[in-house]
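Okay, upload-v5.cif is below, mmCIF, C-alpha atoms:
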```cif
data_query
loop_
_atom_site.label_atom_id
_atom_site.label_comp_id
_atom_site.auth_asym_id
_atom_site.auth_seq_id
_atom_site.Cartn_x
_atom_site.Cartn_y
_atom_site.Cartn_z
CA MET A 1 -7.89 -22.24 0.66
CA PRO A 2 -7.26 -18.55 -0.07
CA LYS A 3 -4.67 -16.63 1.90
CA LEU A 4 -6.10 -13.71 3.87
CA MET A 5 -4.46 -10.62 5.36
CA THR A 6 -5.73 -8.27 8.00
CA ILE A 7 -4.96 -4.62 7.27
CA THR A 8 -5.23 -2.29 10.25
CA LEU A 9 -5.10 1.40 10.99
CA GLU A 10 -3.85 0.89 14.55
CA ARG A 11 -4.62 4.21 16.24
CA ARG A 12 -8.11 4.30 14.79
CA GLY A 13 -8.68 0.64 15.71
CA VAL A 14 -10.09 -0.21 12.29
CA SER A 15 -9.31 -3.33 10.26
CA CYS A 16 -10.34 -4.99 7.05
CA VAL A 17 -9.59 -8.36 5.50
CA ALA A 18 -8.01 -8.81 2.07
CA GLU A 19 -7.70 -11.96 -0.03
CA LEU A 20 -4.42 -12.46 -1.87
CA LEU A 21 -4.77 -12.79 -5.65
CA GLU A 22 -2.31 -15.64 -6.02
CA LYS A 23 -3.34 -16.53 -9.59
CA ASP A 24 -2.99 -12.94 -10.82
CA ALA A 25 0.12 -11.83 -8.89
CA PRO A 26 1.89 -14.97 -7.63
CA ARG A 27 5.36 -13.45 -7.14
CA THR A 28 4.05 -10.41 -5.31
CA CYS A 29 1.75 -12.50 -3.12
CA GLU A 30 4.57 -14.88 -2.20
CA ALA A 31 7.00 -12.07 -1.35
CA VAL A 32 4.47 -10.18 0.79
CA TRP A 33 3.14 -13.32 2.50
CA ARG A 34 6.65 -14.42 3.51
CA ALA A 35 7.44 -10.97 4.91
CA LEU A 36 4.27 -10.49 7.00
CA PRO A 37 3.73 -8.79 9.37
CA LEU A 38 4.66 -5.48 7.74
CA GLY A 39 3.77 -1.95 8.68
CA GLY A 40 4.79 1.59 9.31
CA GLU A 41 3.59 5.15 9.46
CA ALA A 42 0.36 5.73 7.55
CA TYR A 43 0.17 8.42 4.88
CA HIS A 44 -2.67 9.62 2.69
CA ALA A 45 -1.84 10.12 -0.98
CA LYS A 46 -1.53 13.63 -2.35
CA TYR A 47 -2.01 12.84 -6.05
CA ALA A 48 -3.47 9.35 -6.44
CA ARG A 49 -6.66 10.40 -4.62
CA ASN A 50 -8.25 7.73 -2.36
CA GLU A 51 -5.14 5.93 -1.16
CA VAL A 52 -3.60 5.25 2.24
CA TYR A 53 -0.14 3.71 2.25
CA THR A 54 2.97 2.92 4.23
CA MET A 55 6.60 2.64 3.15
CA VAL A 56 8.69 -0.32 4.28
CA GLU A 57 12.20 -1.50 3.60
CA ARG A 58 12.63 -3.92 0.74
CA PHE A 59 11.93 -7.41 2.02
CA SER A 60 12.59 -9.68 -0.94
CA GLU A 61 15.99 -10.79 -2.20
CA GLU A 62 14.85 -10.32 -5.79
CA GLU A 63 12.49 -7.66 -7.05
CA VAL A 64 9.16 -9.26 -7.99
CA GLY A 65 8.74 -7.17 -11.13
CA GLN A 66 5.48 -6.09 -12.64
CA GLU A 67 2.43 -8.36 -12.57
CA ASN A 68 -1.28 -7.61 -12.58
CA PRO A 69 -0.42 -3.90 -12.97
CA THR A 70 -2.80 -0.98 -12.84
CA VAL A 71 -2.70 2.81 -13.01
CA THR A 72 -6.43 3.05 -12.20
CA PRO A 73 -6.96 1.15 -8.94
CA ILE A 74 -10.53 0.62 -7.77
CA PRO A 75 -11.98 0.58 -4.25
CA GLY A 76 -10.67 -2.45 -2.36
CA ASP A 77 -7.48 -2.86 -4.40
CA VAL A 78 -4.36 -3.62 -2.34
CA VAL A 79 -1.32 -2.54 -4.34
CA TYR A 80 2.46 -3.07 -4.17
CA PHE A 81 4.91 -0.50 -5.53
CA SER A 82 8.69 -0.77 -5.61
CA PHE A 83 10.55 2.52 -5.80
CA PRO A 84 14.32 2.77 -6.30
CA GLY A 85 15.90 5.42 -4.09
CA GLY A 86 16.76 7.64 -7.06
CA MET A 87 13.11 7.92 -8.06
CA LEU A 88 12.09 9.51 -4.78
CA ASP A 89 12.41 13.22 -4.12
CA ARG A 90 15.04 14.18 -1.49
CA LYS A 91 12.56 16.10 0.68
CA PHE A 92 10.05 13.22 0.48
CA LYS A 93 12.75 10.74 1.60
CA GLU A 94 13.77 12.99 4.49
CA GLU A 95 10.16 13.56 5.61
CA LYS A 96 9.54 9.82 5.72
CA ASN A 97 12.98 9.04 7.20
CA ILE A 98 13.88 6.72 4.32
CA HIS A 99 16.73 8.81 2.85
CA ALA A 100 19.39 6.18 3.68
CA LEU A 101 17.58 3.29 1.96
CA PRO A 102 18.46 2.22 -1.62
CA GLY A 103 14.74 1.92 -2.33
CA VAL A 104 11.44 1.19 -0.64
CA ILE A 105 8.28 -0.82 -0.98
CA ASP A 106 5.03 1.12 -0.86
CA LEU A 107 2.07 -0.96 0.36
CA ALA A 108 -1.19 0.79 -0.42
CA ILE A 109 -4.92 0.35 -0.10
CA PHE A 110 -7.44 2.16 -2.26
CA TYR A 111 -10.76 2.95 -0.66
CA GLY A 112 -12.68 5.08 -3.14
CA ARG A 113 -13.24 5.65 -6.85
CA ASN A 114 -11.53 7.77 -9.51
CA ASN A 115 -7.89 7.02 -8.64
CA LEU A 116 -5.17 7.72 -11.16
CA LEU A 117 -1.52 6.78 -10.63
CA LEU A 118 0.10 9.67 -12.45
CA ASN A 119 3.01 11.55 -10.89
CA GLY A 120 3.85 14.95 -12.32
CA ASP A 121 7.59 14.32 -11.97
CA VAL A 122 7.89 10.83 -13.46
CA GLY A 123 4.65 10.05 -15.31
CA TRP A 124 2.62 6.87 -14.93
CA VAL A 125 3.29 4.82 -11.79
CA PRO A 126 1.86 1.32 -12.26
CA GLY A 127 1.47 -0.86 -9.20
CA ASN A 128 0.86 -4.58 -8.72
CA VAL A 129 -2.66 -5.38 -7.53
CA TYR A 130 -1.97 -8.40 -5.33
CA ALA A 131 -5.01 -8.52 -3.04
CA THR A 132 -8.57 -7.31 -2.77
CA ILE A 133 -10.44 -6.25 0.35
CA VAL A 134 -13.22 -8.78 0.94
CA ASP A 135 -14.50 -7.65 4.34
CA GLY A 136 -14.64 -4.26 6.04
CA LEU A 137 -14.04 -1.92 3.11
CA ASP A 138 -16.83 0.40 4.28
CA ARG A 139 -15.39 0.96 7.77
CA MET A 140 -11.82 1.13 6.42
CA ALA A 141 -12.90 3.73 3.83
CA GLU A 142 -14.39 5.87 6.59
CA ALA A 143 -11.16 5.62 8.62
CA CYS A 144 -8.99 6.35 5.55
CA ASN A 145 -11.09 9.41 4.78
CA ASP A 146 -10.47 10.52 8.37
CA VAL A 147 -6.70 10.15 7.77
CA TRP A 148 -7.16 12.56 4.86
CA ARG A 149 -9.29 15.03 6.84
CA SER A 150 -7.65 14.80 10.28
CA GLY A 151 -4.12 13.74 9.37
CA GLY A 152 -2.06 10.62 9.82
CA ILE A 153 0.31 11.74 12.57
CA GLY A 154 0.72 8.86 15.01
CA GLU A 155 -1.18 6.43 12.77
CA ARG A 156 0.30 3.13 11.59
CA LEU A 157 -0.87 0.96 8.70
CA VAL A 158 -0.16 -2.69 9.48
CA TYR A 159 -0.48 -5.80 7.31
CA SER A 160 -0.58 -9.23 8.97
CA ARG A 161 -1.74 -12.75 8.25
CA ALA A 162 -5.41 -13.14 9.09
CA GLU A 163 -6.14 -15.63 11.83
CA SER A 164 -8.24 -18.51 10.59
#
```

Rewrite the structure of this file - the entire thing - as structure tokens.
Amino acid sequence: MPKLMTITLERRGVSCVAELLEKDAPRTCEAVWRALPLGGEAYHAKYARNEVYTMVERFSEEEVGQENPTVTPIPGDVVYFSFPGGMLDRKFKEEKNIHALPGVIDLAIFYGRNNLLLNGDVGWVPGNVYATIVDGLDRMAEACNDVWRSGGIGERLVYSRAES
């Protein structure tokens, strides 16, 4: 039986369901599944294009490492990034109130095409694709586009185990 997550933009009242890709990213799936529920302030990407994400404190004793990586996520990809504190810009850390953390986990969903994970400061930024949205991508894409157009202030992106 596949493991399913519900991903929600709380203020907008929009959710989708994602299936964990346990065969492709077993370590990432296990770490995320154990830590659920997870969530925080929602942000829209500046450079990656069609991405909405949240930053959370590290939740695994050991870093999961790279598995099922991509730098060109497609619509419906749910991606895990681990960033050491030194990789993140000081102003970025202050804006997101994560300046005291040694590093963070970025949990992202991609809702449209033509994404490229290239950061002008550090180069390619591969992420682990550990789930795929199997229900509700259309309504989530509309809500994510609204985060881009209207802003994410007061919005939270929350990941939880789907109720069966």

Checklist entry - If we count all atoms listed in the file, what is near Phe81 in chain A at a cut-off of 12 Å, once residues fewer than 3 positions away on the same chain are taken out, given as a ChimeraX atom specification? => result /A:28,32,53-58,63-71,78,84,103-109,117,125-130

Restricted to C-alpha atoms, what would the selected residues look like written as a compact mmCIF listing (two decimals), keeping the file's coordinate frame?
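Okay, this is what ended up in part.txt:
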```txt
# COMPACT_ATOMS: atom_id res chain seq x y z
CA THR A 28 4.05 -10.41 -5.31
CA VAL A 32 4.47 -10.18 0.79
CA TYR A 53 -0.14 3.71 2.25
CA THR A 54 2.97 2.92 4.23
CA MET A 55 6.60 2.64 3.15
CA VAL A 56 8.69 -0.32 4.28
CA GLU A 57 12.20 -1.50 3.60
CA ARG A 58 12.63 -3.92 0.74
CA GLU A 63 12.49 -7.66 -7.05
CA VAL A 64 9.16 -9.26 -7.99
CA GLY A 65 8.74 -7.17 -11.13
CA GLN A 66 5.48 -6.09 -12.64
CA GLU A 67 2.43 -8.36 -12.57
CA ASN A 68 -1.28 -7.61 -12.58
CA PRO A 69 -0.42 -3.90 -12.97
CA THR A 70 -2.80 -0.98 -12.84
CA VAL A 71 -2.70 2.81 -13.01
CA VAL A 78 -4.36 -3.62 -2.34
CA PRO A 84 14.32 2.77 -6.30
CA GLY A 103 14.74 1.92 -2.33
CA VAL A 104 11.44 1.19 -0.64
CA ILE A 105 8.28 -0.82 -0.98
CA ASP A 106 5.03 1.12 -0.86
CA LEU A 107 2.07 -0.96 0.36
CA ALA A 108 -1.19 0.79 -0.42
CA ILE A 109 -4.92 0.35 -0.10
CA LEU A 117 -1.52 6.78 -10.63
CA VAL A 125 3.29 4.82 -11.79
CA PRO A 126 1.86 1.32 -12.26
CA GLY A 127 1.47 -0.86 -9.20
CA ASN A 128 0.86 -4.58 -8.72
CA VAL A 129 -2.66 -5.38 -7.53
CA TYR A 130 -1.97 -8.40 -5.33
```

Identify all residues satisfying the PyMOL selection byres ((chain A and resi 29) around 10) in the given file; provide them as a PDB file with C-alpha atoms, in the frame of the given file.
```
ATOM      1  CA  LYS A   3      -4.670 -16.630   1.900  1.00  0.00           C
ATOM      2  CA  GLU A  19      -7.700 -11.960  -0.030  1.00  0.00           C
ATOM      3  CA  LEU A  20      -4.420 -12.460  -1.870  1.00  0.00           C
ATOM      4  CA  LEU A  21      -4.770 -12.790  -5.650  1.00  0.00           C
ATOM      5  CA  GLU A  22      -2.310 -15.640  -6.020  1.00  0.00           C
ATOM      6  CA  LYS A  23      -3.340 -16.530  -9.590  1.00  0.00           C
ATOM      7  CA  ASP A  24      -2.990 -12.940 -10.820  1.00  0.00           C
ATOM      8  CA  ALA A  25       0.120 -11.830  -8.890  1.00  0.00           C
ATOM      9  CA  PRO A  26       1.890 -14.970  -7.630  1.00  0.00           C
ATOM     10  CA  ARG A  27       5.360 -13.450  -7.140  1.00  0.00           C
ATOM     11  CA  THR A  28       4.050 -10.410  -5.310  1.00  0.00           C
ATOM     12  CA  GLU A  30       4.570 -14.880  -2.200  1.00  0.00           C
ATOM     13  CA  ALA A  31       7.000 -12.070  -1.350  1.00  0.00           C
ATOM     14  CA  VAL A  32       4.470 -10.180   0.790  1.00  0.00           C
ATOM     15  CA  TRP A  33       3.140 -13.320   2.500  1.00  0.00           C
ATOM     16  CA  ARG A  34       6.650 -14.420   3.510  1.00  0.00           C
ATOM     17  CA  ALA A  35       7.440 -10.970   4.910  1.00  0.00           C
ATOM     18  CA  VAL A  64       9.160  -9.260  -7.990  1.00  0.00           C
ATOM     19  CA  TYR A  80       2.460  -3.070  -4.170  1.00  0.00           C
ATOM     20  CA  ASN A 128       0.860  -4.580  -8.720  1.00  0.00           C
ATOM     21  CA  VAL A 129      -2.660  -5.380  -7.530  1.00  0.00           C
ATOM     22  CA  TYR A 130      -1.970  -8.400  -5.330  1.00  0.00           C
ATOM     23  CA  ALA A 131      -5.010  -8.520  -3.040  1.00  0.00           C
TER      24      ALA A 131
END
```

Across A:Asp77, A:Val52, A:Asp135, A:Asn115, the smallest distance to Ala162 in chain A, with all atoms listed in the file counted, is shown by A:Asp135

Measure the distance from CA of Ser15 in chain A to CA of Gly136 in chain A in Å and round it to one decimal.
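Interatomic distance, CA of Ser15 in chain A to CA of Gly136 in chain A: 6.9 Å.
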
| query | Just so the selection is clear, what residues does the PyMOL selection byres ((chain A and resi 141-156) around 10) cover here, as number ranges by chain? | reply | A: 8-16, 39-46, 49-54, 75-76, 109-112, 136-140, 157-159

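Comparing A:Ala48, A:His99, A:Met87, A:Arg161 by their smallest distance to Pro73 in chain A, the closest is A:Ala48 (using only C-alpha atoms).
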
Using only C-alpha atoms, the best pick from A:Pro37, A:Arg113, A:Thr72, A:Thr132 as closest to Ser160 in chain A would be A:Pro37

Around range 151-156 of chain A, fit a box with edges along x, y and z, padding it by 5 Å on each side, then list its centre and edge lengths in Å to one decimal as JSON.
```
{"center_x": -1.7, "center_y": 8.4, "center_z": 12.2, "size_x": 14.8, "size_y": 20.6, "size_z": 15.6}
```

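Closest approach to Leu88 in chain A among A:Ile133, A:Leu38, A:Trp124, A:Pro102: A:Pro102, based on only C-alpha atoms.
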
Using all atoms listed in the file, the shortest atom-to-atom distance to Asn114 in chain A among A:Lys93, A:Glu163, A:Ile74, A:Ala18 belongs to A:Ile74

From CA of Val134 in chain A to CA of Met1 in chain A the spacing works out at 14.5 Å

ask   = So how many Å separate CA of Ile7 in chain A and CA of Asn119 in chain A, to one decimal?
value =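 Answer for the CA of Ile7 in chain A to CA of Asn119 in chain A separation: 25.6 Å.
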